[in-house]
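K.L.:
Quick one: the structure is below, questions incoming.
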Amino acid sequence: MNVEMVMQELEALGKERTKKMYISNGAHEPLFGVATGAMKPIVRKIKINQDLAEELYSTGNYDAMYFAGIIADPKAMTESDYDRWMDAAYFYMLSDYVVAVTLSESDIAQEVSDKWIASGEELRMSAGWSCYCWLLGNRKDVEFSESKISDMLDLVKHTIHESPERTKSAMNNFLSTVGISYLPLHEKAVETAKAIGIVEVKQDKKKSSFLNAYDSIQKEIGRGRLGFKRKHVRC
């Protein structure tokens, strides 16, 4: 399939209700409003195709950009490729659920995420923290430096309340993920979450959301999910 054929199929799958939901979360035209699950039949036909992924991502169409992340070859992408994708990621559903997810399946995920976290740019920071969530929730604990993750917990504790709004949300998710999926620092994550308390995330044209990582961790423990690892990150 070429880019025109994929765009035609995605357009046919678009729903006005889904489109409005995406727009309410920060997406803008062009987009069709395709539910992610509806993309799976096309994914099965294409599988992995980095060249096609690049063409689709460059359209600027939200649905095409999301689809690009599913068929991309993460290990074929360089740091400059990921930076280029981040440059075009204009809201959190692209930065955190397309670029960060794709990066998490690469061999340079931690290296690139560390740079993004230190960048001072809201969506790059958000993507960096989110990538660690995908990594910790999928890879074995031994693949991470305990001292490094511990230092990251300290960074969250001392900076989350003053961080940009989307970054706050991603940092809170990181805290919850460490508490559930990274057993060596479960106790420290719980204590850090207690110390941080409720995190307010302000949103344009919407009411603020109030996040509580401590409650989130306790709920997941109650469901028997301590130590949870997902088999796959991407669809």
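Convention: chains lettered A, B, ... in structure tokens order; per-chain residue numbering from 1; ligands numbered from 1 as shown.
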Report as a PyMOL selection string all protein, DNA and RNA residues lying within 9 Å of Val233 (chain A), evaluated on only C-alpha atoms, omitting residues in the same chain fewer than 6 positions from it.

P.N.:
chain A and resi 101-102+104-105+134-135+137-138

K.L.:
Compile the contact shell of region 203-214 of chain A as a PyMOL selection string: residues with an atom at most 6 Å away, counting only C-alpha atoms, same-chain residues fewer than 4 positions apart removed.

P.N.:
chain A and resi 176+193-194+198-199

K.L.:
Hey, which of A:Lys202, A:Arg225, A:Lys47, A:Lys188 ends up closest to Thr167 (chain A)? Count only C-alpha atoms.

P.N.:
A:Lys202

K.L.:
Of the candidates A:Glu220, A:Glu16, A:Glu143, A:Asp83, which one gets nearest to Ser119 (chain A) if we count only C-alpha atoms?

P.N.:
A:Asp83

K.L.:
Pick out the closest residue to Ala12 (chain A) from this set: A:Met39, A:Tyr82, A:Tyr90, A:His232. Count only C-alpha atoms.

P.N.:
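Counting only C-alpha atoms, the residue closest to Ala12 (chain A) is A:Met39.
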
K.L.:
A:Met1, A:Ala127, A:Tyr92, A:Glu79: which is nearest Ile108 (chain A), counting only C-alpha atoms?

P.N.:
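Answer, going by the shortest atom-to-atom distance: A:Glu79.
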
K.L.:
Would you please give, as a VMD selection string, all residues of chain A that DSSP assigns to strand (DSSP E or B) based on the backbone?

P.N.:
chain A and resid 199 to 203 206 to 211

K.L.:
Restrict the selected residues to N, CA and C atoms and save them as a PDB file, in the first residue's frame.

P.N.:
```
ATOM      1  N   VAL A 199      -1.671  16.506  42.672  1.00  0.00           N
ATOM      2  CA  VAL A 199      -1.066  17.366  41.646  1.00  0.00           C
ATOM      3  C   VAL A 199      -2.180  17.943  40.776  1.00  0.00           C
ATOM      4  N   GLU A 200      -2.245  19.263  40.712  1.00  0.00           N
ATOM      5  CA  GLU A 200      -3.245  19.912  39.860  1.00  0.00           C
ATOM      6  C   GLU A 200      -2.673  20.144  38.472  1.00  0.00           C
ATOM      7  N   VAL A 201      -3.400  19.681  37.466  1.00  0.00           N
ATOM      8  CA  VAL A 201      -3.003  19.912  36.080  1.00  0.00           C
ATOM      9  C   VAL A 201      -4.060  20.805  35.431  1.00  0.00           C
ATOM     10  N   LYS A 202      -3.662  22.019  35.068  1.00  0.00           N
ATOM     11  CA  LYS A 202      -4.595  22.957  34.457  1.00  0.00           C
ATOM     12  C   LYS A 202      -4.703  22.681  32.969  1.00  0.00           C
ATOM     13  N   GLN A 203      -5.923  22.824  32.427  1.00  0.00           N
ATOM     14  CA  GLN A 203      -6.172  22.517  31.026  1.00  0.00           C
ATOM     15  C   GLN A 203      -6.920  23.658  30.353  1.00  0.00           C
ATOM     16  N   LYS A 206     -10.932  23.660  29.876  1.00  0.00           N
ATOM     17  CA  LYS A 206     -11.478  22.563  30.670  1.00  0.00           C
ATOM     18  C   LYS A 206     -11.156  22.824  32.137  1.00  0.00           C
ATOM     19  N   LYS A 207     -11.859  22.124  33.003  1.00  0.00           N
ATOM     20  CA  LYS A 207     -11.545  22.212  34.422  1.00  0.00           C
ATOM     21  C   LYS A 207     -10.211  21.523  34.689  1.00  0.00           C
ATOM     22  N   SER A 208      -9.545  21.947  35.734  1.00  0.00           N
ATOM     23  CA  SER A 208      -8.297  21.307  36.128  1.00  0.00           C
ATOM     24  C   SER A 208      -8.549  19.851  36.486  1.00  0.00           C
ATOM     25  N   SER A 209      -7.550  19.014  36.259  1.00  0.00           N
ATOM     26  CA  SER A 209      -7.623  17.640  36.738  1.00  0.00           C
ATOM     27  C   SER A 209      -6.691  17.514  37.941  1.00  0.00           C
ATOM     28  N   PHE A 210      -7.061  16.660  38.870  1.00  0.00           N
ATOM     29  CA  PHE A 210      -6.294  16.491  40.098  1.00  0.00           C
ATOM     30  C   PHE A 210      -5.809  15.043  40.181  1.00  0.00           C
ATOM     31  N   LEU A 211      -4.490  14.897  40.177  1.00  0.00           N
ATOM     32  CA  LEU A 211      -3.873  13.573  40.105  1.00  0.00           C
ATOM     33  C   LEU A 211      -3.310  13.165  41.454  1.00  0.00           C
TER      34      LEU A 211
END
```

K.L.:
Suppose you want the space between CA of Phe144 (chain A) and CA of Pro164 (chain A); what is it in Å?

P.N.:
26.2 Å

K.L.:
Report, in Å with one decimal, the straight-line distance from CA of Gly179 (chain A) to CA of Tyr132 (chain A).

P.N.:
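Distance between the two atoms: 12.9 Å.
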
K.L.:
Expressed in Å to a single decimal, how great is the separation between CA of Ile117 (chain A) and CA of Ser181 (chain A)?

P.N.:
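Result for CA of Ile117 (chain A) versus CA of Ser181 (chain A): 20.3 Å, one decimal.
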
K.L.:
Extract, using only C-alpha atoms, all DNA, RNA and protein residues at most 12 Å from Glu122 (chain A), discarding same-chain residues fewer than 5 positions from it, and format them as a PyMOL selection string.

P.N.:
chain A and resi 86-87+89-92+95-96+116-117+127-129+162-171

K.L.:
Choose the residue, out of A:Ser216, A:Thr78, A:Ser130, A:Gln8, that has the smallest atom-to-atom separation from Leu94 (chain A); count only C-alpha atoms.

P.N.:
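Closest to Leu94 (chain A) of all the choices is A:Ser130.
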
K.L.:
Among region 1-103 of chain A, which residues carry a DSSP assignment of alpha helix (DSSP H), reported as a VMD selection string?

P.N.:
chain A and resid 3 to 13 16 to 24 40 to 46 50 to 57 62 to 71 79 to 88 92 to 94 100 to 103

K.L.:
Counting only C-alpha atoms, which of A:Phe67, A:Ala109, A:Lys148, A:Met93 gets nearest to Ser126 (chain A)?

P.N.:
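When distances to Ser126 (chain A) are compared using only C-alpha atoms, the smallest one comes from A:Met93.
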
K.L.:
I want to know what sits within 12 Å of Asp151 (chain A), based on only C-alpha atoms, with residues of the same chain fewer than 3 positions away left out; could you give that as a ChimeraX atom specification?

P.N.:
/A:145-148,154-158,175,185,188-189,192

K.L.:
Those same residues - C-alpha atoms - I'd like them written as an mmCIF file, in the first residue's frame.

P.N.:
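Contents of the output file out_19.cif:
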```cif
data_model
loop_
_atom_site.group_PDB
_atom_site.id
_atom_site.type_symbol
_atom_site.label_atom_id
_atom_site.label_comp_id
_atom_site.auth_asym_id
_atom_site.auth_seq_id
_atom_site.Cartn_x
_atom_site.Cartn_y
_atom_site.Cartn_z
ATOM 1 C CA SER A 145 19.836 1.440 36.830
ATOM 2 C CA GLU A 146 18.196 1.522 40.256
ATOM 3 C CA SER A 147 20.207 4.602 41.276
ATOM 4 C CA LYS A 148 19.145 6.419 38.109
ATOM 5 C CA ASP A 154 13.774 12.661 43.588
ATOM 6 C CA LEU A 155 13.525 14.977 40.579
ATOM 7 C CA VAL A 156 9.780 14.370 40.384
ATOM 8 C CA LYS A 157 9.408 15.052 44.107
ATOM 9 C CA HIS A 158 11.219 18.374 43.939
ATOM 10 C CA LEU A 175 5.684 7.932 39.673
ATOM 11 C CA LEU A 185 11.825 1.073 44.141
ATOM 12 C CA LYS A 188 10.321 4.698 47.587
ATOM 13 C CA ALA A 189 7.723 5.468 44.911
ATOM 14 C CA THR A 192 7.410 9.889 47.210
#
```
